[in-house]
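Dumped input-v4.cif below, it's mmCIF, C-alpha atoms and all ligand atoms:
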data_input
loop_
_atom_site.label_atom_id
_atom_site.label_comp_id
_atom_site.auth_asym_id
_atom_site.auth_seq_id
_atom_site.Cartn_x
_atom_site.Cartn_y
_atom_site.Cartn_z
CA MET A 1 5.82 -18.45 -21.02
CA PRO A 2 2.66 -18.68 -23.12
CA GLU A 3 0.25 -15.80 -22.83
CA HIS A 4 -2.48 -16.10 -20.16
CA GLN A 5 -1.08 -19.36 -18.80
CA HIS A 6 -2.91 -20.41 -15.64
CA HIS A 7 -1.25 -21.80 -12.52
CA ARG A 8 -2.92 -23.43 -9.50
CA THR A 9 -1.31 -21.96 -6.37
CA ALA A 10 -0.15 -23.89 -3.33
CA ALA A 11 -2.28 -23.07 -0.29
CA SER A 12 0.38 -24.58 1.99
CA ARG A 13 2.51 -21.46 1.79
CA PRO A 14 1.72 -17.74 2.29
CA LEU A 15 -0.03 -15.74 -0.39
CA ARG A 16 2.50 -13.94 -2.58
CA LEU A 17 1.04 -10.62 -3.73
CA GLY A 18 2.83 -8.41 -6.28
CA ILE A 19 2.42 -4.65 -6.67
CA ALA A 20 3.55 -3.25 -10.03
CA GLY A 21 3.03 0.04 -11.83
CA PRO A 22 4.80 3.09 -13.23
CA VAL A 23 7.38 5.09 -11.27
CA GLY A 24 6.01 7.16 -8.41
CA THR A 25 2.39 6.01 -8.57
CA GLY A 26 2.45 5.14 -4.86
CA LYS A 27 3.42 1.46 -4.69
CA SER A 28 5.61 1.83 -1.57
CA THR A 29 3.00 3.99 0.11
CA LEU A 30 0.29 1.43 -0.68
CA ILE A 31 2.44 -1.29 0.89
CA ALA A 32 3.15 0.88 3.95
CA THR A 33 -0.59 1.52 4.28
CA LEU A 34 -1.42 -2.18 4.00
CA CYS A 35 1.20 -3.08 6.61
CA ALA A 36 -0.02 -0.38 8.98
CA GLN A 37 -3.62 -1.57 8.64
CA LEU A 38 -3.13 -5.32 8.54
CA ALA A 39 -0.09 -6.10 10.69
CA ASP A 40 -2.30 -6.84 13.72
CA GLU A 41 -4.47 -9.24 11.69
CA LEU A 42 -2.05 -10.96 9.32
CA GLU A 43 1.61 -12.04 9.47
CA LEU A 44 3.29 -9.96 6.75
CA ALA A 45 6.67 -9.59 5.06
CA VAL A 46 7.82 -7.43 2.15
CA VAL A 47 10.31 -7.71 -0.72
CA THR A 48 11.17 -4.49 -2.56
CA ASN A 49 12.83 -4.14 -5.96
CA ASP A 50 14.95 -1.15 -6.90
CA ILE A 51 17.27 -0.89 -9.85
CA TYR A 52 20.34 0.49 -8.11
CA THR A 53 19.43 1.12 -4.47
CA ASP A 54 17.49 -0.26 -1.52
CA GLU A 55 15.63 3.04 -1.16
CA ASP A 56 12.10 1.60 -1.10
CA ALA A 57 13.08 -0.91 1.59
CA ARG A 58 14.66 1.87 3.63
CA MET A 59 11.54 4.00 3.26
CA LEU A 60 9.36 1.13 4.48
CA ARG A 61 11.68 0.34 7.38
CA ALA A 62 11.68 4.02 8.37
CA ALA A 63 7.86 4.04 8.26
CA GLY A 64 7.95 1.60 11.19
CA VAL A 65 5.04 -0.44 9.86
CA LEU A 66 6.78 -3.84 10.18
CA PRO A 67 9.82 -5.17 12.05
CA VAL A 68 12.74 -4.10 9.84
CA GLU A 69 13.99 -7.66 9.33
CA ARG A 70 10.72 -8.56 7.59
CA ILE A 71 11.58 -6.16 4.75
CA ARG A 72 14.12 -7.36 2.18
CA ALA A 73 15.50 -5.42 -0.79
CA VAL A 74 16.38 -6.92 -4.16
CA GLU A 75 18.63 -4.72 -6.26
CA THR A 76 17.69 -5.69 -9.79
CA GLY A 77 20.50 -3.87 -11.59
CA ALA A 78 18.38 -3.90 -14.74
CA CYS A 79 14.89 -2.95 -15.95
CA PRO A 80 12.33 -3.96 -13.31
CA HIS A 81 10.53 -6.40 -15.59
CA THR A 82 13.72 -8.45 -15.79
CA ALA A 83 13.49 -9.40 -12.11
CA ILE A 84 9.72 -9.81 -11.79
CA ARG A 85 9.02 -11.56 -15.05
CA ASP A 86 11.99 -12.77 -17.09
CA ASP A 87 14.25 -14.24 -14.40
CA VAL A 88 12.54 -14.20 -11.00
CA THR A 89 15.31 -16.11 -9.18
CA ALA A 90 16.55 -13.26 -6.94
CA ASN A 91 13.00 -12.41 -5.91
CA LEU A 92 12.02 -16.02 -5.29
CA ILE A 93 15.06 -16.50 -3.06
CA ALA A 94 14.14 -13.37 -1.07
CA VAL A 95 10.49 -14.48 -0.75
CA GLU A 96 11.42 -18.01 0.31
CA ASP A 97 14.01 -16.70 2.82
CA LEU A 98 11.33 -14.57 4.47
CA GLU A 99 8.80 -17.40 4.44
CA HIS A 100 11.33 -19.67 6.12
CA ALA A 101 12.62 -17.10 8.64
CA PHE A 102 9.20 -15.88 9.81
CA ALA A 103 7.00 -18.93 9.35
CA PRO A 104 4.09 -19.06 9.39
CA LEU A 105 3.47 -15.92 7.32
CA ASP A 106 0.11 -15.07 5.77
CA VAL A 107 1.22 -12.72 2.99
CA VAL A 108 4.49 -11.74 1.31
CA LEU A 109 4.13 -8.45 -0.57
CA VAL A 110 6.52 -7.99 -3.51
CA GLU A 111 6.98 -4.45 -4.84
CA SER A 112 8.22 -4.12 -8.40
CA GLY A 113 10.63 -1.36 -9.27
CA GLY A 114 8.77 1.45 -11.00
CA ASP A 115 8.50 0.74 -14.69
CA ASN A 116 6.36 1.82 -17.62
CA LEU A 117 2.87 0.49 -18.27
CA THR A 118 4.01 -2.88 -19.60
CA ALA A 119 5.68 -4.62 -16.64
CA THR A 120 3.73 -7.36 -14.88
CA PHE A 121 4.75 -10.16 -12.54
CA SER A 122 5.31 -13.71 -13.66
CA PRO A 123 2.82 -16.14 -12.05
CA ALA A 124 5.93 -18.12 -11.13
CA LEU A 125 6.68 -15.39 -8.56
CA VAL A 126 3.29 -14.17 -7.29
CA ASP A 127 -0.17 -15.66 -6.82
CA ALA A 128 -1.94 -12.38 -7.50
CA GLN A 129 -0.99 -8.87 -8.51
CA ILE A 130 -2.09 -5.28 -8.10
CA PHE A 131 -1.34 -2.81 -10.87
CA CYS A 132 -1.07 0.76 -9.56
CA ILE A 133 -1.58 3.91 -11.63
CA ASP A 134 -2.36 7.37 -10.32
CA VAL A 135 -4.47 10.35 -11.30
CA ALA A 136 -1.35 12.52 -11.61
CA GLY A 137 -0.26 10.40 -14.58
CA GLY A 138 -3.25 11.77 -16.53
CA GLY A 139 -6.92 10.89 -16.83
CA ASP A 140 -6.44 8.91 -20.01
CA VAL A 141 -4.03 6.31 -18.64
CA ALA A 142 -6.73 3.80 -17.72
CA ARG A 143 -8.10 3.56 -21.24
CA LYS A 144 -4.65 3.07 -22.77
CA GLY A 145 -4.73 -0.55 -21.67
CA GLY A 146 -1.77 -2.89 -21.44
CA PRO A 147 -1.46 -6.14 -19.53
CA GLY A 148 -1.45 -4.68 -16.01
CA ILE A 149 -4.34 -2.29 -16.57
CA GLU A 150 -6.41 -4.91 -18.39
CA ARG A 151 -5.67 -8.10 -16.48
CA ALA A 152 -4.06 -7.48 -13.06
CA ASP A 153 -6.17 -9.02 -10.30
CA LEU A 154 -6.79 -5.50 -8.97
CA LEU A 155 -6.25 -2.17 -10.71
CA VAL A 156 -5.64 0.68 -8.27
CA ILE A 157 -6.25 4.25 -9.42
CA ASN A 158 -4.24 6.01 -6.74
CA LYS A 159 -3.96 9.48 -5.21
CA THR A 160 -7.60 10.37 -5.83
CA ASP A 161 -7.16 13.25 -3.35
CA LEU A 162 -5.12 14.97 -6.10
CA ALA A 163 -7.75 14.55 -8.85
CA ALA A 164 -9.24 18.04 -8.53
CA HIS A 165 -5.76 19.58 -8.69
CA VAL A 166 -4.86 17.84 -11.94
CA ASP A 167 -8.30 18.15 -13.56
CA VAL A 168 -8.97 14.45 -13.62
CA ASP A 169 -12.41 12.87 -13.41
CA VAL A 170 -11.94 9.75 -11.27
CA ALA A 171 -15.38 8.31 -12.13
CA ARG A 172 -14.46 8.56 -15.81
CA MET A 173 -11.13 6.79 -15.18
CA ILE A 174 -12.99 3.98 -13.42
CA GLU A 175 -15.42 3.67 -16.35
CA ASP A 176 -12.49 3.59 -18.77
CA ALA A 177 -10.83 0.87 -16.70
CA ALA A 178 -14.05 -1.14 -16.51
CA SER A 179 -14.34 -1.04 -20.30
CA VAL A 180 -10.99 -2.81 -20.72
CA ARG A 181 -10.99 -5.10 -17.63
CA SER A 182 -13.63 -7.68 -18.45
CA GLY A 183 -15.22 -7.56 -15.01
CA LEU A 184 -12.00 -7.53 -12.97
CA PRO A 185 -12.07 -5.08 -10.03
CA THR A 186 -10.77 -1.50 -10.00
CA LEU A 187 -10.28 0.52 -6.80
CA ALA A 188 -10.01 4.30 -6.51
CA LEU A 189 -7.57 4.79 -3.64
CA SER A 190 -6.08 7.55 -1.57
CA ARG A 191 -4.11 7.20 1.62
CA ALA A 192 -6.21 10.14 2.81
CA ASP A 193 -9.51 8.32 2.19
CA GLN A 194 -9.98 5.77 4.95
CA ALA A 195 -12.96 4.13 3.25
CA SER A 196 -10.85 3.34 0.18
CA VAL A 197 -8.06 1.97 2.39
CA GLY A 198 -10.68 -0.22 4.09
CA ASP A 199 -11.81 -1.54 0.70
CA LEU A 200 -8.21 -2.38 -0.19
CA CYS A 201 -7.78 -4.29 3.08
CA LYS A 202 -11.04 -6.18 2.49
CA TRP A 203 -9.82 -7.20 -0.95
CA VAL A 204 -6.55 -8.53 0.53
CA HIS A 205 -8.43 -10.48 3.24
CA HIS A 206 -10.69 -12.00 0.60
CA LEU A 207 -7.66 -12.99 -1.47
CA VAL A 208 -5.95 -14.60 1.53
CA ALA A 209 -9.09 -16.62 2.27
CA GLU A 210 -9.34 -17.73 -1.35
CA HIS A 211 -5.66 -18.68 -1.39
CA ARG A 212 -5.95 -20.68 1.84
CA SER A 213 -8.97 -22.57 0.55
CA GLY A 214 -6.98 -23.61 -2.53
CA ALA A 215 -9.64 -22.06 -4.75
CA ARG A 216 -7.34 -19.48 -6.25
CA THR A 217 -5.73 -19.79 -9.66
CA ALA A 218 -2.94 -17.35 -10.59
CA VAL A 219 -3.53 -15.79 -13.98
CA ASP A 220 -0.69 -14.40 -16.05
CA PRO A 221 -1.67 -10.92 -17.28
CA GLY A 222 0.62 -11.68 -20.20
CA PRO A 223 2.99 -9.47 -22.15
CA MET A 224 1.92 -6.25 -23.84
CA ALA A 225 -1.23 -7.06 -25.80
CA PRO A 226 -2.22 -5.49 -29.12
CA HIS A 227 -4.66 -2.74 -28.23
CA VAL A 228 -6.26 0.43 -29.55
CA HIS A 229 -6.56 3.85 -27.97
CA ARG A 230 -9.96 5.49 -28.08
CA HIS A 231 -9.89 9.13 -29.15
CA GLY A 232 -12.45 11.91 -29.10
N1 LIG B 301 -1.46 13.00 -2.55
C1 LIG B 301 -1.08 11.72 -2.43
N2 LIG B 301 0.21 11.40 -2.57
C2 LIG B 301 0.56 10.11 -2.45
C3 LIG B 301 -0.38 9.06 -2.20
N3 LIG B 301 0.28 7.88 -2.17
C4 LIG B 301 1.58 8.18 -2.39
N4 LIG B 301 1.77 9.51 -2.56
C5 LIG B 301 3.02 10.24 -2.81
O1 LIG B 301 3.49 9.91 -4.10
C6 LIG B 301 4.93 9.91 -4.13
C7 LIG B 301 5.42 8.56 -4.66
O2 LIG B 301 4.99 7.56 -3.74
P1 LIG B 301 5.77 6.17 -3.60
O3 LIG B 301 4.96 5.33 -2.68
O4 LIG B 301 7.21 6.40 -3.28
O5 LIG B 301 5.65 5.66 -5.10
P2 LIG B 301 6.32 4.36 -5.77
O6 LIG B 301 5.39 3.91 -6.82
O7 LIG B 301 6.71 3.38 -4.72
O8 LIG B 301 7.62 5.01 -6.40
P3 LIG B 301 8.87 4.19 -7.09
O9 LIG B 301 9.27 3.13 -6.10
O10 LIG B 301 9.90 5.28 -7.26
O11 LIG B 301 8.37 3.67 -8.38
C8 LIG B 301 5.37 10.20 -2.70
O12 LIG B 301 5.67 11.58 -2.61
C9 LIG B 301 4.15 9.84 -1.87
O13 LIG B 301 4.09 10.56 -0.66
C10 LIG B 301 -1.76 9.44 -2.05
O14 LIG B 301 -2.68 8.63 -1.83
N5 LIG B 301 -2.05 10.78 -2.18
#
Go ahead and express the file in the form of structure tokens.
Amino acid sequence: MPEHQHHRTAASRPLRLGIAGPVGTGKSTLIATLCAQLADELELAVVTNDIYTDEDARMLRAAGVLPVERIRAVETGACPHTAIRDDVTANLIAVEDLEHAFAPLDVVLVESGGDNLTATFSPALVDAQIFCIDVAGGGDVARKGGPGIERADLLVINKTDLAAHVDVDVARMIEDAASVRSGLPTLALSRADQASVGDLCKWVHHLVAEHRSGARTAVDPGPMAPHVHRHG
């Protein structure tokens, strides 16, 4: 698919929201948090992607944040980007099954398997995407760029409660992100910081409203872009 191809989304179906990012940055926890906060306000369902297991789906079911049948696992059997970008068939089937079984849904959340910094969702699968990094991955991750960091609809810098323990300056990470994101939003998040969770929920509500109005256009963050690292 050509880089940065734009797709008009169909408002007649639920918003499909992808969450990608490196291994262990808190994608499942972010989804559990969103479900816990929003399940009374929005009709939700979740598709998880794991390479060999259904562990993330089991974790979410155990968290009790949604009826278990609203959480489906796709076992990708290959690198996560294969199933969220190259051939999205298995994920699309899971999303459409949920949309059919629990109609009318408001949002289907799709969690990518943990990958490196380069994996992003195809706009053929999701209408919008969050890219999730965390402070524990190092304070310089945000300025390293890449398609998710630079062009995801929302960049989450997660686990800010750990920043002091890993010597990371969150404000600096946000500035670094802003310098590569051309005005797109960045959110410093921690499950322990209710205000940040509230901001995340507000962003999702805004996105749902935009999707319903038909005003939203899915933007492909594109494959790994040529980029430079700033030093010193
Ligand atoms: N301190 C802290 N830990 C968090 C936060 N969010 C998630 N974690 C922890 O980070 C670890 C990884 O979280 P997950 O939600 O499983 O991360 P993931 O990105 O889904 O992991 P994979 O699916 O393996 O890629 C777990 O031990 C979580 O409890 C947070 O806001 N603060």
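Taking CA of Val180 in chain A and CA of Cys132 in chain A as the two end points, the separation is 15.4 Å.
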Between chain A and ligand LIG 301 (chain B), at 7 Å or less, what are the per-residue closest atom pairs and their distances in Å? Count only C-alpha atoms and all ligand atoms, order by chain and rising residue number, and return it as a tab-separated table.
residue	atom	partner	partner_atom	distance
A:Gly21	CA	B:LIG301	O6	6.8
A:Pro22	CA	B:LIG301	O11	6.1
A:Val23	CA	B:LIG301	O11	3.4
A:Gly24	CA	B:LIG301	O8	3.4
A:Thr25	CA	B:LIG301	O6	4.1
A:Gly26	CA	B:LIG301	O5	3.3
A:Lys27	CA	B:LIG301	O6	3.8
A:Ser28	CA	B:LIG301	O7	3.7
A:Thr29	CA	B:LIG301	O3	3.7
A:Leu30	CA	B:LIG301	O3	6.4
A:Asp56	CA	B:LIG301	O9	5.9
A:Gly113	CA	B:LIG301	O11	5.6
A:Gly114	CA	B:LIG301	O11	3.5
A:Asp115	CA	B:LIG301	O11	7.0
A:Asn158	CA	B:LIG301	O14	5.8
A:Lys159	CA	B:LIG301	O14	3.7
A:Thr160	CA	B:LIG301	O14	6.6
A:Asp161	CA	B:LIG301	N1	5.8
A:Leu162	CA	B:LIG301	N1	5.5
A:Leu189	CA	B:LIG301	O14	6.5
A:Ser190	CA	B:LIG301	O14	3.6
A:Arg191	CA	B:LIG301	O14	4.0
A:Ala192	CA	B:LIG301	O14	6.0
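Counting all atoms listed in the file, the residue from A:Asp153, A:Asp220, A:Asp176, A:Asp106 that sits nearest to Ser12 in chain A is A:Asp106.
CA of Arg151 in chain A lies 12.3 Å from CA of Ala20 in chain A.
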(message) Excluding Leu60 in chain A and its own-chain neighbours fewer than 4 positions away, which residues fall within 12 Å of it when counting only C-alpha atoms? Please give them as a PyMOL selection string.
(response) chain A and resi 27-36+45-48+54-56+64-73+111
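Of the residues under consideration (A:Val107, A:Arg16, A:Ala164, A:Ile157), A:Arg16 shows the shortest atom-to-atom contact distance to Asn91 in chain A when counting only C-alpha atoms.
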(request) Select, from A:Ala136, A:Ile130, A:Glu210, A:Arg172, the residue with the minimum atom-to-atom distance to Leu109 in chain A, counting only C-alpha atoms. (result) A:Ile130
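Restricting the calculation to all atoms listed in the file, the smallest distance between Ala188 in chain A and any of A:Leu117, A:Val219, A:Leu154, A:Leu207 is found for A:Leu154.
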(request) Could you tell me which of A:Val141, A:Ala63, A:Ala177, A:Ala39 comes closest to Leu105 in chain A if we count all atoms listed in the file? (result)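 Using all atoms listed in the file, the shortest distance to Leu105 in chain A belongs to A:Ala39.
Every protein or nucleic acid residue with an atom no more than 12 Å from Met173 in chain A, counting all atoms listed in the file and leaving out same-chain residues fewer than 5 positions away, appears here: Ile133, Asp134, Val135, Ala136, Gly137, Gly138, Gly139, Asp140, Val141, Ala142, Arg143, Lys144, Gly145, Ile149, Leu155, Val156, Ile157, Asn158, Thr160, Ala163, Asp167, Val168, Ala178, Ser179, Val180, Thr186, Leu187 and Ala188 of chain A.
Between CA of Thr89 in chain A and CA of Gly148 in chain A lies a distance of 21.4 Å.
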(message) For a quick check of understanding, using only C-alpha atoms, which of A:Pro14, A:Pro185, A:Pro221, A:Pro80 has the smallest distance to Trp203 in chain A?
(response) A:Pro185
(message) Give me the residues near Asp86 in chain A as a PyMOL selection string, where near means some atom within 10 Å (using all atoms listed in the file) and where sequence neighbours in that chain fewer than 5 positions away do not count.
(response) chain A and resi 1+80-81+121-122
